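S.K.: My structure is in final.pdb, and what it holds is PDB, C-alpha atoms:
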ATOM      1  CA  MET E 223     -19.055  26.297  49.369
ATOM      2  CA  VAL E 224     -19.679  23.724  46.702
ATOM      3  CA  MET E 225     -15.953  23.031  46.707
ATOM      4  CA  VAL E 226     -16.485  21.104  49.896
ATOM      5  CA  LEU E 227     -17.830  18.406  47.612
ATOM      6  CA  ALA E 228     -14.398  17.688  46.257
ATOM      7  CA  VAL E 229     -13.298  16.495  49.676
ATOM      8  CA  THR E 230     -12.979  12.762  49.969
ATOM      9  CA  PRO E 231     -15.029  11.667  52.940
ATOM     10  CA  ALA E 232     -12.907   9.256  54.918
ATOM     11  CA  SER E 233     -15.855   6.921  55.387
ATOM     12  CA  ALA E 234     -16.510   6.578  51.643
ATOM     13  CA  ASN E 235     -12.901   5.997  50.690
ATOM     14  CA  PRO E 236     -12.518   2.348  51.812
ATOM     15  CA  VAL E 237     -15.823   1.496  50.141
ATOM     16  CA  PHE E 238     -14.744   3.009  46.815
ATOM     17  CA  ARG E 239     -11.358   1.368  47.049
ATOM     18  CA  ALA E 240     -12.862  -2.016  47.819
ATOM     19  CA  LEU E 241     -15.241  -1.741  44.882
ATOM     20  CA  ALA E 242     -12.673  -0.299  42.470
ATOM     21  CA  ASP E 243     -11.748  -3.834  41.456
ATOM     22  CA  PRO E 244     -14.140  -5.465  38.950
ATOM     23  CA  THR E 245     -13.754  -8.926  40.528
ATOM     24  CA  ARG E 246     -14.630  -7.553  43.975
ATOM     25  CA  ARG E 247     -17.633  -5.740  42.518
ATOM     26  CA  ALA E 248     -18.726  -9.026  40.939
ATOM     27  CA  ILE E 249     -18.293 -10.935  44.222
ATOM     28  CA  PHE E 250     -20.201  -8.297  46.155
ATOM     29  CA  GLU E 251     -22.991  -8.287  43.563
ATOM     30  CA  GLU E 252     -23.199 -12.061  43.634
ATOM     31  CA  LEU E 253     -23.595 -11.976  47.420
ATOM     32  CA  THR E 254     -26.378  -9.417  47.190
ATOM     33  CA  ARG E 255     -28.109 -11.574  44.552
ATOM     34  CA  GLN E 256     -27.711 -14.989  46.107
ATOM     35  CA  GLY E 257     -27.523 -14.233  49.796
ATOM     36  CA  GLU E 258     -24.987 -16.054  51.922
ATOM     37  CA  GLN E 259     -22.349 -18.016  50.004
ATOM     38  CA  THR E 260     -19.389 -20.198  50.921
ATOM     39  CA  VAL E 261     -15.892 -19.256  49.805
ATOM     40  CA  HIS E 262     -16.006 -22.415  47.736
ATOM     41  CA  ALA E 263     -19.135 -21.307  45.841
ATOM     42  CA  LEU E 264     -17.763 -17.806  45.357
ATOM     43  CA  THR E 265     -14.533 -19.239  43.945
ATOM     44  CA  GLU E 266     -16.511 -21.183  41.371
ATOM     45  CA  TYR E 267     -18.518 -18.086  40.514
ATOM     46  CA  ALA E 268     -15.551 -15.725  40.229
ATOM     47  CA  GLY E 269     -13.441 -18.072  38.126
ATOM     48  CA  VAL E 270     -10.218 -17.176  39.940
ATOM     49  CA  SER E 271      -8.199 -19.123  42.521
ATOM     50  CA  GLN E 272      -9.476 -19.565  46.061
ATOM     51  CA  PRO E 273      -6.545 -17.605  47.584
ATOM     52  CA  ALA E 274      -7.418 -14.736  45.231
ATOM     53  CA  VAL E 275     -11.065 -14.867  46.289
ATOM     54  CA  SER E 276     -10.057 -14.939  49.958
ATOM     55  CA  LYS E 277      -7.886 -11.886  49.406
ATOM     56  CA  HIS E 278     -10.759 -10.041  47.730
ATOM     57  CA  LEU E 279     -13.082 -11.023  50.572
ATOM     58  CA  THR E 280     -10.615  -9.638  53.104
ATOM     59  CA  VAL E 281     -10.651  -6.267  51.338
ATOM     60  CA  LEU E 282     -14.466  -6.289  51.233
ATOM     61  CA  LYS E 283     -14.545  -7.270  54.900
ATOM     62  CA  ARG E 284     -12.259  -4.381  55.849
ATOM     63  CA  ALA E 285     -14.661  -1.998  54.120
ATOM     64  CA  LYS E 286     -17.444  -3.679  56.111
ATOM     65  CA  LEU E 287     -19.190  -4.621  52.869
ATOM     66  CA  VAL E 288     -19.336  -8.308  53.833
ATOM     67  CA  ARG E 289     -19.587 -10.354  57.029
ATOM     68  CA  HIS E 290     -18.500 -13.906  57.554
ATOM     69  CA  ARG E 291     -19.221 -16.835  59.837
ATOM     70  CA  ARG E 292     -17.567 -20.207  60.114
ATOM     71  CA  ALA E 293     -19.543 -23.429  59.987
ATOM     72  CA  GLY E 294     -17.376 -26.545  60.187
ATOM     73  CA  ARG E 295     -14.724 -26.325  57.510
ATOM     74  CA  GLU E 296     -16.621 -23.780  55.435
ATOM     75  CA  THR E 297     -16.623 -20.005  55.783
ATOM     76  CA  HIS E 298     -19.854 -18.327  54.742
ATOM     77  CA  TYR E 299     -19.998 -14.732  53.544
ATOM     78  CA  ARG E 300     -22.945 -12.375  53.267
ATOM     79  CA  ALA E 301     -23.262  -8.863  51.851
ATOM     80  CA  GLU E 302     -23.852  -5.846  54.056
ATOM     81  CA  PRO E 303     -25.532  -3.471  51.584
ATOM     82  CA  HIS E 304     -26.002  -0.710  54.145
ATOM     83  CA  ALA E 305     -22.206  -0.284  54.157
ATOM     84  CA  LEU E 306     -22.707   1.325  50.736
ATOM     85  CA  ALA E 307     -24.392   4.323  52.355
ATOM     86  CA  PRO E 308     -21.252   6.544  52.497
ATOM     87  CA  MET E 309     -20.686   5.903  48.809
ATOM     88  CA  VAL E 310     -24.282   6.727  47.934
ATOM     89  CA  ASN E 311     -24.042   9.970  49.925
ATOM     90  CA  TRP E 312     -20.814  10.826  48.191
ATOM     91  CA  LEU E 313     -22.326  10.196  44.764
ATOM     92  CA  ASN E 314     -25.332  12.339  45.641
ATOM     93  CA  LEU E 315     -23.019  15.186  46.596
ATOM     94  CA  TYR E 316     -21.095  14.896  43.348
ATOM     95  CA  GLY E 317     -24.349  14.872  41.389
ATOM     96  CA  ALA E 318     -25.253  18.187  43.026
ATOM     97  CA  PHE E 319     -21.751  19.492  42.309
ATOM     98  CA  TRP E 320     -22.095  18.851  38.559
ATOM     99  CA  ARG E 321     -25.595  20.276  38.300
ATOM    100  CA  ASN E 322     -24.281  23.428  39.949
ATOM    101  CA  ARG E 323     -21.363  23.541  37.479
ATOM    102  CA  PHE E 324     -23.795  23.200  34.563
ATOM    103  CA  ASP E 325     -25.752  26.178  35.915
ATOM    104  CA  LYS E 326     -22.549  28.213  35.955
ATOM    105  CA  LEU E 327     -21.689  26.999  32.447
ATOM    106  CA  GLU E 328     -25.085  28.198  31.256
ATOM    107  CA  ASP E 329     -24.424  31.632  32.785
ATOM    108  CA  LEU E 330     -21.037  31.801  31.092
ATOM    109  CA  LEU E 331     -22.479  30.856  27.668
ATOM    110  CA  LYS E 332     -24.956  33.713  27.990
ATOM    111  CA  ARG E 333     -22.095  36.153  28.592
ATOM    112  CA  MET E 334     -19.884  34.882  25.734
ATOM    113  CA  ASP E 335     -19.908  36.756  22.404
ATOM    114  CA  SER E 336     -20.101  33.824  20.039
TER     115      SER E 336
ATOM    116  CA  MET R 160     -35.252   4.789  46.250
ATOM    117  CA  THR R 161     -34.666   8.477  45.645
ATOM    118  CA  GLU R 162     -31.067   7.663  46.558
ATOM    119  CA  VAL R 163     -30.628   5.600  43.458
ATOM    120  CA  ALA R 164     -32.047   8.176  41.100
ATOM    121  CA  THR R 165     -29.455  10.652  42.302
ATOM    122  CA  THR R 166     -26.730   8.020  42.189
ATOM    123  CA  ARG R 167     -27.382   7.821  38.469
ATOM    124  CA  SER R 168     -27.057  11.575  38.276
ATOM    125  CA  LEU R 169     -23.316  10.923  38.071
ATOM    126  CA  ILE R 170     -24.438  11.217  34.497
ATOM    127  CA  VAL R 171     -25.587  14.823  34.159
ATOM    128  CA  GLU R 172     -27.151  15.825  30.845
ATOM    129  CA  ARG R 173     -28.459  19.122  29.566
ATOM    130  CA  VAL R 174     -29.263  20.778  26.230
ATOM    131  CA  PHE R 175     -27.705  24.229  25.955
ATOM    132  CA  PRO R 176     -29.193  26.591  23.331
ATOM    133  CA  TYR R 177     -25.835  27.209  21.651
ATOM    134  CA  PRO R 178     -23.822  25.528  18.869
ATOM    135  CA  PRO R 179     -21.209  22.853  19.735
ATOM    136  CA  GLU R 180     -18.422  25.301  18.773
ATOM    137  CA  LYS R 181     -19.364  27.566  21.651
ATOM    138  CA  LEU R 182     -19.678  24.706  24.157
ATOM    139  CA  TRP R 183     -16.319  23.361  23.040
ATOM    140  CA  ARG R 184     -14.672  26.749  23.734
ATOM    141  CA  ALA R 185     -16.199  26.873  27.220
ATOM    142  CA  LEU R 186     -14.926  23.360  27.900
ATOM    143  CA  THR R 187     -11.424  23.743  26.490
ATOM    144  CA  GLU R 188     -10.260  27.376  26.790
ATOM    145  CA  SER R 189      -8.608  27.671  30.169
ATOM    146  CA  PRO R 190      -9.854  31.199  31.075
ATOM    147  CA  LEU R 191     -13.431  30.244  30.108
ATOM    148  CA  LEU R 192     -13.189  26.918  31.913
ATOM    149  CA  ALA R 193     -12.100  28.815  35.016
ATOM    150  CA  GLN R 194     -15.327  30.779  34.984
ATOM    151  CA  TRP R 195     -17.623  27.790  35.443
ATOM    152  CA  MET R 196     -15.302  25.133  36.912
ATOM    153  CA  MET R 197     -12.201  26.243  38.800
ATOM    154  CA  ASN R 198      -8.884  27.939  38.131
ATOM    155  CA  ASN R 199      -6.838  25.619  35.961
ATOM    156  CA  ASP R 200      -3.912  25.149  33.604
ATOM    157  CA  PHE R 201      -5.855  22.981  31.198
ATOM    158  CA  GLU R 202      -4.771  22.473  27.586
ATOM    159  CA  PRO R 203      -6.721  20.371  25.082
ATOM    160  CA  VAL R 204      -3.811  18.024  24.447
ATOM    161  CA  VAL R 205      -3.949  14.292  25.159
ATOM    162  CA  GLY R 206      -1.505  13.422  27.937
ATOM    163  CA  HIS R 207      -1.387  16.990  29.274
ATOM    164  CA  LYS R 208      -1.296  16.996  33.070
ATOM    165  CA  PHE R 209      -3.109  19.863  34.741
ATOM    166  CA  GLN R 210      -4.777  20.905  37.950
ATOM    167  CA  PHE R 211      -8.001  22.475  39.018
ATOM    168  CA  ARG R 212      -7.350  24.711  42.000
ATOM    169  CA  ALA R 213      -9.797  25.940  44.580
ATOM    170  CA  ASP R 214      -9.148  27.564  47.944
ATOM    171  CA  PRO R 215      -7.643  25.018  50.346
ATOM    172  CA  MET R 216      -9.842  23.917  53.205
ATOM    173  CA  PRO R 217      -9.729  21.463  56.081
ATOM    174  CA  ASN R 218      -9.146  17.923  54.767
ATOM    175  CA  TRP R 219      -8.556  19.132  51.218
ATOM    176  CA  ASN R 220      -5.654  21.072  49.684
ATOM    177  CA  GLY R 221      -8.030  22.473  47.053
ATOM    178  CA  ILE R 222      -6.324  20.657  44.196
ATOM    179  CA  VAL R 223      -7.777  18.241  41.654
ATOM    180  CA  ASP R 224      -5.043  16.460  39.681
ATOM    181  CA  CYS R 225      -6.014  15.728  36.105
ATOM    182  CA  GLU R 226      -4.613  14.272  32.906
ATOM    183  CA  VAL R 227      -6.240  14.710  29.516
ATOM    184  CA  LEU R 228      -7.340  11.347  28.063
ATOM    185  CA  VAL R 229      -9.474  12.157  25.018
ATOM    186  CA  VAL R 230      -9.739  15.275  22.847
ATOM    187  CA  GLU R 231     -12.107  14.930  19.922
ATOM    188  CA  PRO R 232     -12.926  18.509  18.900
ATOM    189  CA  LEU R 233     -16.617  19.416  19.155
ATOM    190  CA  LYS R 234     -17.461  15.852  20.215
ATOM    191  CA  GLN R 235     -15.697  14.428  23.216
ATOM    192  CA  LEU R 236     -13.379  15.463  26.008
ATOM    193  CA  SER R 237     -12.274  13.410  28.965
ATOM    194  CA  TYR R 238      -9.744  13.620  31.733
ATOM    195  CA  ASN R 239      -8.718  11.864  34.921
ATOM    196  CA  TRP R 240      -9.956  13.465  38.096
ATOM    197  CA  GLY R 241      -7.809  12.762  41.145
ATOM    198  CA  VAL R 242      -8.530  14.092  44.601
ATOM    199  CA  GLY R 243      -6.299  13.682  47.618
ATOM    200  CA  GLY R 244      -2.979  12.679  46.037
ATOM    201  CA  ALA R 245      -1.865   9.423  44.486
ATOM    202  CA  GLU R 246      -1.332   7.558  47.765
ATOM    203  CA  SER R 247      -4.591   7.856  49.598
ATOM    204  CA  GLY R 248      -6.822   9.630  47.140
ATOM    205  CA  LEU R 249      -9.461   8.614  44.670
ATOM    206  CA  GLN R 250      -9.205   8.535  40.894
ATOM    207  CA  TRP R 251     -12.088   9.224  38.553
ATOM    208  CA  VAL R 252     -12.652   9.781  34.877
ATOM    209  CA  VAL R 253     -14.739  12.758  33.798
ATOM    210  CA  GLU R 254     -16.077  12.554  30.263
ATOM    211  CA  PHE R 255     -17.988  15.197  28.312
ATOM    212  CA  THR R 256     -19.847  14.204  25.147
ATOM    213  CA  LEU R 257     -21.351  16.848  22.864
ATOM    214  CA  THR R 258     -24.106  16.028  20.384
ATOM    215  CA  PRO R 259     -25.884  18.531  18.132
ATOM    216  CA  ALA R 260     -29.495  18.738  19.264
ATOM    217  CA  ASP R 261     -32.617  20.596  18.184
ATOM    218  CA  GLY R 262     -31.884  24.242  18.895
ATOM    219  CA  GLY R 263     -28.550  23.656  20.551
ATOM    220  CA  THR R 264     -26.091  21.133  21.899
ATOM    221  CA  HIS R 265     -26.729  18.177  24.144
ATOM    222  CA  VAL R 266     -23.978  17.868  26.771
ATOM    223  CA  ARG R 267     -23.515  14.644  28.693
ATOM    224  CA  MET R 268     -21.118  14.564  31.641
ATOM    225  CA  GLU R 269     -20.251  11.213  33.060
ATOM    226  CA  GLN R 270     -18.032  10.701  36.059
ATOM    227  CA  SER R 271     -16.957   7.159  36.751
ATOM    228  CA  GLY R 272     -14.623   5.727  39.308
ATOM    229  CA  PHE R 273     -11.790   3.297  39.103
ATOM    230  CA  GLY R 274      -8.678   2.391  41.055
ATOM    231  CA  ALA R 275      -5.459   4.279  40.424
ATOM    232  CA  ASP R 276      -3.812   0.997  39.422
ATOM    233  CA  GLN R 277      -6.356   0.321  36.699
ATOM    234  CA  GLN R 278      -5.825   3.178  34.315
ATOM    235  CA  ALA R 279      -4.977   0.902  31.409
ATOM    236  CA  ALA R 280      -8.258  -0.924  31.785
ATOM    237  CA  TYR R 281     -10.289   2.203  32.198
ATOM    238  CA  GLN R 282     -12.851   1.437  29.505
ATOM    239  CA  GLY R 283     -13.632  -1.889  31.106
ATOM    240  CA  ALA R 284     -13.730  -0.450  34.598
ATOM    241  CA  ASN R 285     -16.018   2.272  33.322
ATOM    242  CA  TYR R 286     -18.480  -0.270  32.013
ATOM    243  CA  GLY R 287     -18.321  -2.205  35.252
ATOM    244  CA  TRP R 288     -19.235   0.840  37.336
ATOM    245  CA  GLN R 289     -22.185   1.595  35.089
ATOM    246  CA  ARG R 290     -23.582  -1.856  35.626
ATOM    247  CA  PHE R 291     -22.857  -1.645  39.307
ATOM    248  CA  PHE R 292     -24.746   1.635  39.694
ATOM    249  CA  ALA R 293     -27.629   0.205  37.677
ATOM    250  CA  ASN R 294     -27.783  -2.695  40.124
ATOM    251  CA  LEU R 295     -27.575  -0.491  43.215
ATOM    252  CA  GLU R 296     -31.310  -0.068  43.172
ATOM    253  CA  ARG R 297     -31.842  -3.754  43.709
ATOM    254  CA  VAL R 298     -29.021  -3.986  46.253
ATOM    255  CA  LEU R 299     -30.282  -1.116  48.381
ATOM    256  CA  GLY R 300     -33.880  -2.238  47.985
ATOM    257  CA  GLU R 301     -33.220  -5.351  50.024
ATOM    258  CA  PRO R 302     -33.297  -5.234  53.795
ATOM    259  CA  ALA R 303     -29.808  -4.945  55.216
TER     260      ALA R 303
END
Take the structure in the file and give it back as structure tokens.
M.R.:
Amino acid sequence: MVMVLAVTPASANPVFRALADPTRRAIFEELTRQGEQTVHALTEYAGVSQPAVSKHLTVLKRAKLVRHRRAGRETHYRAEPHALAPMVNWLNLYGAFWRNRFDKLEDLLKRMDS
Amino acid sequence: MTEVATTRSLIVERVFPYPPEKLWRALTESPLLAQWMMNNDFEPVVGHKFQFRADPMPNWNGIVDCEVLVVEPLKQLSYNWGVGGAESGLQWVVEFTLTPADGGTHVRMEQSGFGADQQAAYQGANYGWQRFFANLERVLGEPA
């Protein structure tokens, strides 16, 4: 039954993939810290080119981790922390998986001779 | 905030009342490993590719694809942990650290995630995830 936990939930996958990149994690974190930011400000923060930042933002947007709005020539982005929920659930499940494995390991150690 | 506490439980630690030698056997001898993890063709050799196999089920073929990354006898063992194939799946690193403790051995299991394209940078990615999880509390604490 616990093997079910090894299944990748489709809803968590895009979130993990989006956050697998350190620069995207940094951008997402910055948005959760500072609130809404322009692409311009995020580019300065990330220290990479604006096209690169835009590309990262597109990936985050696809995972629904950020939302954007246009105001004049600037695009503003904000974090959507609740989109992390599938990942948190997934991590909780894996935590339970490993605690269960440790219980089984303890049983095995008891049965071993030396 | 109970969510966050369990998020951090991706690090699972326990002291087992046995010497490191015994823990190391349970972690690295394939038939013993099978008894608490899953059927496997593990070998404690860096670069060795192996699989954990469970019964297939809907949405999962029952296979975890692994590659041994670190073998430091009685101290540290780590391997990749891939679920769902290279194309669409997820890659993780599972790392066991053994430390002699009062009356036994302290075992620390850490599972961290990183993209399949980032294997070379895995130490850095590992650190990044740790920080990210540590910050989750603050992130999730704010109204969405």
S.K.: Show me which bits of chain E are within 9 Å of chain R, counting only C-alpha atoms, as a PyMOL selection string.
M.R.: chain E and resi 225-226+228-231+235+238-239+241-244+247-248+251+254-255+301-307+310-318+320-321+323-331+334+336
S.K.: Mind checking which residues fall within 9 Å of stretch 199-202 of chain R, counting all atoms listed in the file, ignoring those fewer than 4 positions away in the same chain, and posting them as a list in words?
M.R.: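 Non-adjacent residues within range: Thr187, Glu188, Ser189, Pro190, Leu192, Ala193, His207, Lys208, Phe209, Gln210, Phe211, Arg212, Cys225, Glu226 and Val227 of chain R.
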S.K.: Using all atoms listed in the file, which protein or nucleic acid residues come within 12 Å of E:Glu258? Drop anything in the same chain fewer than 5 positions from it, and give the result as a PyMOL selection string.
M.R.: chain E and resi 249-253+263-264+288-292+296-302
S.K.: List as a VMD selection string the protein and nucleic acid residues near R:Thr256, meaning an atom at most 9 Å away when only C-alpha atoms are counted, but skip any in the same chain fewer than 6 places from it.
M.R.: chain R and resid 233 to 237 265 to 269
S.K.: Grab the residues selected above and save them as an mmCIF file, in the frame of the given file with C-alpha atoms.
M.R.:
data_model
loop_
_atom_site.group_PDB
_atom_site.id
_atom_site.type_symbol
_atom_site.label_atom_id
_atom_site.label_comp_id
_atom_site.auth_asym_id
_atom_site.auth_seq_id
_atom_site.Cartn_x
_atom_site.Cartn_y
_atom_site.Cartn_z
ATOM 1 C CA LEU R 233 -16.617 19.416 19.155
ATOM 2 C CA LYS R 234 -17.461 15.852 20.215
ATOM 3 C CA GLN R 235 -15.697 14.428 23.216
ATOM 4 C CA LEU R 236 -13.379 15.463 26.008
ATOM 5 C CA SER R 237 -12.274 13.410 28.965
ATOM 6 C CA HIS R 265 -26.729 18.177 24.144
ATOM 7 C CA VAL R 266 -23.978 17.868 26.771
ATOM 8 C CA ARG R 267 -23.515 14.644 28.693
ATOM 9 C CA MET R 268 -21.118 14.564 31.641
ATOM 10 C CA GLU R 269 -20.251 11.213 33.060
#
S.K.: Suppose you want the space between atom CA of E:Lys283 and atom CA of E:Val261; what is it in Å?
M.R.: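 Atom CA of E:Lys283 sits 13.1 Å away from atom CA of E:Val261.
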S.K.: What is the atom CA of R:Pro259-atom CA of R:Val229 distance in Å, reported with one decimal?
M.R.: 18.9 Å
S.K.: Provide the atom CA of R:Val205 to atom CA of R:Pro179 distance in Å, to one decimal place.
M.R.: 20.0 Å
